[in-house]
Amino acid sequence: MTEELPELRAADADRERVAEVLRDALAEGRLDMEEFEERLDATYKARTYGELAPITRDLPVGQVAAPKVDMLKRPEPDGSWASRIVGGEGSSTWSVAVMSGFQRKGRWTVPRRFNCFAFWGGGEIDLRDANFADREVEINCVAIMGGVEVIVPPGVEVVVRGIGIMGGFDHREEGVPGEPGAPRVIVTGFAFWGGVGVERKLRKADRLRLREERRRERRELREGRRRGEG
């Protein structure tokens, strides 16, 4: 399709979709930082689909390599919290680590209640890219001589109600107001000679985006100064 209409003007949303593919490729090690910056600069300078298409032609999207610029106008996910509260039963409802470890991360749907157990082991429950079955979800953690780490994205309200005996639950993220429409995450359970941590982190793609914005602002400031001096 891009070959048929190479001169059709690209929109800001089209450039941002390509930039997102580049960020994912950098995070996955498919591009090094120099390649990433070169392609990103080309992305934001591109005016047409014909200029955008080659930038990500050798990169996969998810599991399948495909054209990275879609010429068909379809409804775009708006990225709002409402779009991430999807209902249903959740992708999975429990995880166990006995002298081992578990991870639950990436694209998944958090059920209304998720149970996990760690004995002489550890687990990570990452909600940054997750959808949610309801506006309020419960993460129930039992850690015995082990630990569980719960990672939440900015904007989510966190409530911690766990009990620790010679162990503890991390309450540092409590009291931070949630964004309008954001889910509420309640962390409950029991820790004995173990711990349950709660940490608020940006996604890697969001960290890269902030870094790009700062770099762009510095470049624009330098260019403005040069124009002023001229």
# chains A, B, ... in the order shown; residues from 1 in each chain; ligands from 1
call {"tool": "select_by_dssp", "arguments": {"residues": "stretch 82-119 of chain A", "states": "strand (DSSP E)", "output": "list in words"}}
result
Trp94, Ser95, Val96, Ala97, Val98, Gly101, Phe102, Gln103, Arg104, Thr109, Val110, Arg113, Phe114, Asn115, Cys116, Phe117, Ala118 and Phe119 of chain A
call {"tool": "residues_around", "arguments": {"residues": "A:Val158", "least_positions_apart": "2", "cutoff": "7 Å", "atoms": "only C-alpha atoms", "output": "VMD selection string"}}
result
chain A and resid 156 160 173 to 174 184 to 186
call {"tool": "write_last_selection", "arguments": {"atoms": "C-alpha atoms", "output": "short mmCIF file (atom, residue, chain, number, x, y, z; two decimals), in the first residue's frame"}}
result
data_model
loop_
_atom_site.label_atom_id
_atom_site.label_comp_id
_atom_site.auth_asym_id
_atom_site.auth_seq_id
_atom_site.Cartn_x
_atom_site.Cartn_y
_atom_site.Cartn_z
CA VAL A 156 -2.55 3.86 39.75
CA VAL A 160 -1.45 -2.14 51.09
CA GLU A 173 3.45 3.92 47.43
CA GLU A 174 0.33 4.36 49.54
CA ARG A 184 -7.08 0.73 42.27
CA VAL A 185 -4.60 -2.01 43.23
CA ILE A 186 -4.98 -3.56 46.69
#
call {"tool": "select_by_dssp", "arguments": {"residues": "stretch 25-179 of chain A", "states": "helix (DSSP H, G or I)", "output": "list in words"}}
result
Ala25, Leu26, Ala27, Met33, Glu34, Glu35, Phe36, Glu37, Glu38, Arg39, Leu40, Asp41, Ala42, Thr43, Tyr44, Lys45, Tyr49, Gly50, Glu51, Leu52, Ala53, Pro54, Ile55, Thr56, Trp81, Ala82, Ser83 and Arg84 of chain A
call {"tool": "write_last_selection", "arguments": {"atoms": "N, CA and C atoms", "output": "short mmCIF file (atom, residue, chain, number, x, y, z; two decimals), in the first residue's frame"}}
result
data_model
loop_
_atom_site.label_atom_id
_atom_site.label_comp_id
_atom_site.auth_asym_id
_atom_site.auth_seq_id
_atom_site.Cartn_x
_atom_site.Cartn_y
_atom_site.Cartn_z
N ALA A 25 12.23 -1.85 19.57
CA ALA A 25 13.40 -2.51 18.99
C ALA A 25 14.66 -2.20 19.79
N LEU A 26 14.79 -0.97 20.29
CA LEU A 26 15.94 -0.62 21.14
C LEU A 26 15.90 -1.40 22.44
N ALA A 27 14.72 -1.46 23.05
CA ALA A 27 14.58 -2.18 24.32
C ALA A 27 14.89 -3.66 24.16
N MET A 33 22.00 2.17 20.20
CA MET A 33 21.56 3.55 20.43
C MET A 33 21.82 4.44 19.22
N GLU A 34 22.94 4.24 18.52
CA GLU A 34 23.25 5.07 17.37
C GLU A 34 22.22 4.85 16.25
N GLU A 35 21.91 3.56 15.98
CA GLU A 35 20.91 3.27 14.95
C GLU A 35 19.54 3.83 15.34
N PHE A 36 19.21 3.67 16.63
CA PHE A 36 17.92 4.16 17.12
C PHE A 36 17.80 5.67 16.90
N GLU A 37 18.84 6.42 17.26
CA GLU A 37 18.78 7.88 17.12
C GLU A 37 18.71 8.30 15.66
N GLU A 38 19.47 7.61 14.80
CA GLU A 38 19.42 7.94 13.37
C GLU A 38 18.02 7.73 12.80
N ARG A 39 17.44 6.57 13.13
CA ARG A 39 16.12 6.26 12.58
C ARG A 39 15.05 7.16 13.20
N LEU A 40 15.22 7.49 14.47
CA LEU A 40 14.23 8.35 15.11
C LEU A 40 14.24 9.75 14.49
N ASP A 41 15.44 10.26 14.23
CA ASP A 41 15.52 11.57 13.56
C ASP A 41 14.86 11.51 12.19
N ALA A 42 15.10 10.42 11.45
CA ALA A 42 14.47 10.28 10.14
C ALA A 42 12.96 10.20 10.25
N THR A 43 12.47 9.56 11.32
CA THR A 43 11.03 9.43 11.54
C THR A 43 10.37 10.79 11.70
N TYR A 44 10.94 11.62 12.57
CA TYR A 44 10.31 12.91 12.84
C TYR A 44 10.49 13.91 11.69
N LYS A 45 11.46 13.64 10.80
CA LYS A 45 11.64 14.49 9.63
C LYS A 45 10.77 14.03 8.45
N TYR A 49 4.33 8.83 3.68
CA TYR A 49 4.37 7.40 3.99
C TYR A 49 5.56 6.74 3.30
N GLY A 50 5.88 7.21 2.10
CA GLY A 50 7.01 6.64 1.38
C GLY A 50 8.32 6.83 2.13
N GLU A 51 8.45 7.92 2.87
CA GLU A 51 9.66 8.15 3.66
C GLU A 51 9.64 7.38 4.98
N LEU A 52 8.45 7.12 5.52
CA LEU A 52 8.33 6.39 6.79
C LEU A 52 8.55 4.89 6.62
N ALA A 53 8.00 4.32 5.54
CA ALA A 53 7.96 2.86 5.42
C ALA A 53 9.33 2.18 5.55
N PRO A 54 10.41 2.70 4.92
CA PRO A 54 11.69 1.97 5.00
C PRO A 54 12.32 1.96 6.39
N ILE A 55 11.90 2.87 7.26
CA ILE A 55 12.57 3.02 8.56
C ILE A 55 12.42 1.78 9.42
N THR A 56 11.28 1.10 9.33
CA THR A 56 11.04 -0.08 10.17
C THR A 56 10.82 -1.34 9.35
N TRP A 81 -7.06 5.08 30.65
CA TRP A 81 -7.30 4.00 31.61
C TRP A 81 -8.59 3.25 31.26
N ALA A 82 -9.58 3.97 30.77
CA ALA A 82 -10.84 3.30 30.42
C ALA A 82 -10.62 2.20 29.40
N SER A 83 -9.68 2.41 28.46
CA SER A 83 -9.42 1.40 27.44
C SER A 83 -8.67 0.20 28.00
N ARG A 84 -8.07 0.33 29.19
CA ARG A 84 -7.32 -0.77 29.79
C ARG A 84 -8.13 -1.54 30.82
#
call {"tool": "atom_distance", "arguments": {"atom1": "atom CA of A:Gly101", "atom2": "atom CA of A:Asp170"}}
result
19.7 Å
call {"tool": "residues_around", "arguments": {"residues": "A:Glu20", "least_positions_apart": "3", "cutoff": "10 Å", "atoms": "only C-alpha atoms", "output": "ChimeraX atom specification"}}
result
/A:15-17,23-26,40,205-206,208-209
call {"tool": "write_last_selection", "arguments": {"atoms": "C-alpha atoms", "output": "PDB file, in the first residue's frame"}}
result
ATOM      1  CA  ARG A  15       5.231   9.143  12.943  1.00  0.00           C
ATOM      2  CA  GLU A  16       4.563   8.288  16.580  1.00  0.00           C
ATOM      3  CA  ARG A  17       3.560   4.715  15.668  1.00  0.00           C
ATOM      4  CA  ARG A  23      11.627   2.177  21.013  1.00  0.00           C
ATOM      5  CA  ASP A  24      10.575  -1.453  21.315  1.00  0.00           C
ATOM      6  CA  ALA A  25      13.404  -2.511  18.990  1.00  0.00           C
ATOM      7  CA  LEU A  26      15.936  -0.623  21.138  1.00  0.00           C
ATOM      8  CA  LEU A  40      14.228   8.354  15.112  1.00  0.00           C
ATOM      9  CA  ALA A 205       9.292   2.860  26.318  1.00  0.00           C
ATOM     10  CA  ASP A 206       8.041   5.795  28.395  1.00  0.00           C
ATOM     11  CA  LEU A 208      12.908   6.420  26.289  1.00  0.00           C
ATOM     12  CA  ARG A 209      10.179   8.824  25.178  1.00  0.00           C
TER      13      ARG A 209
END
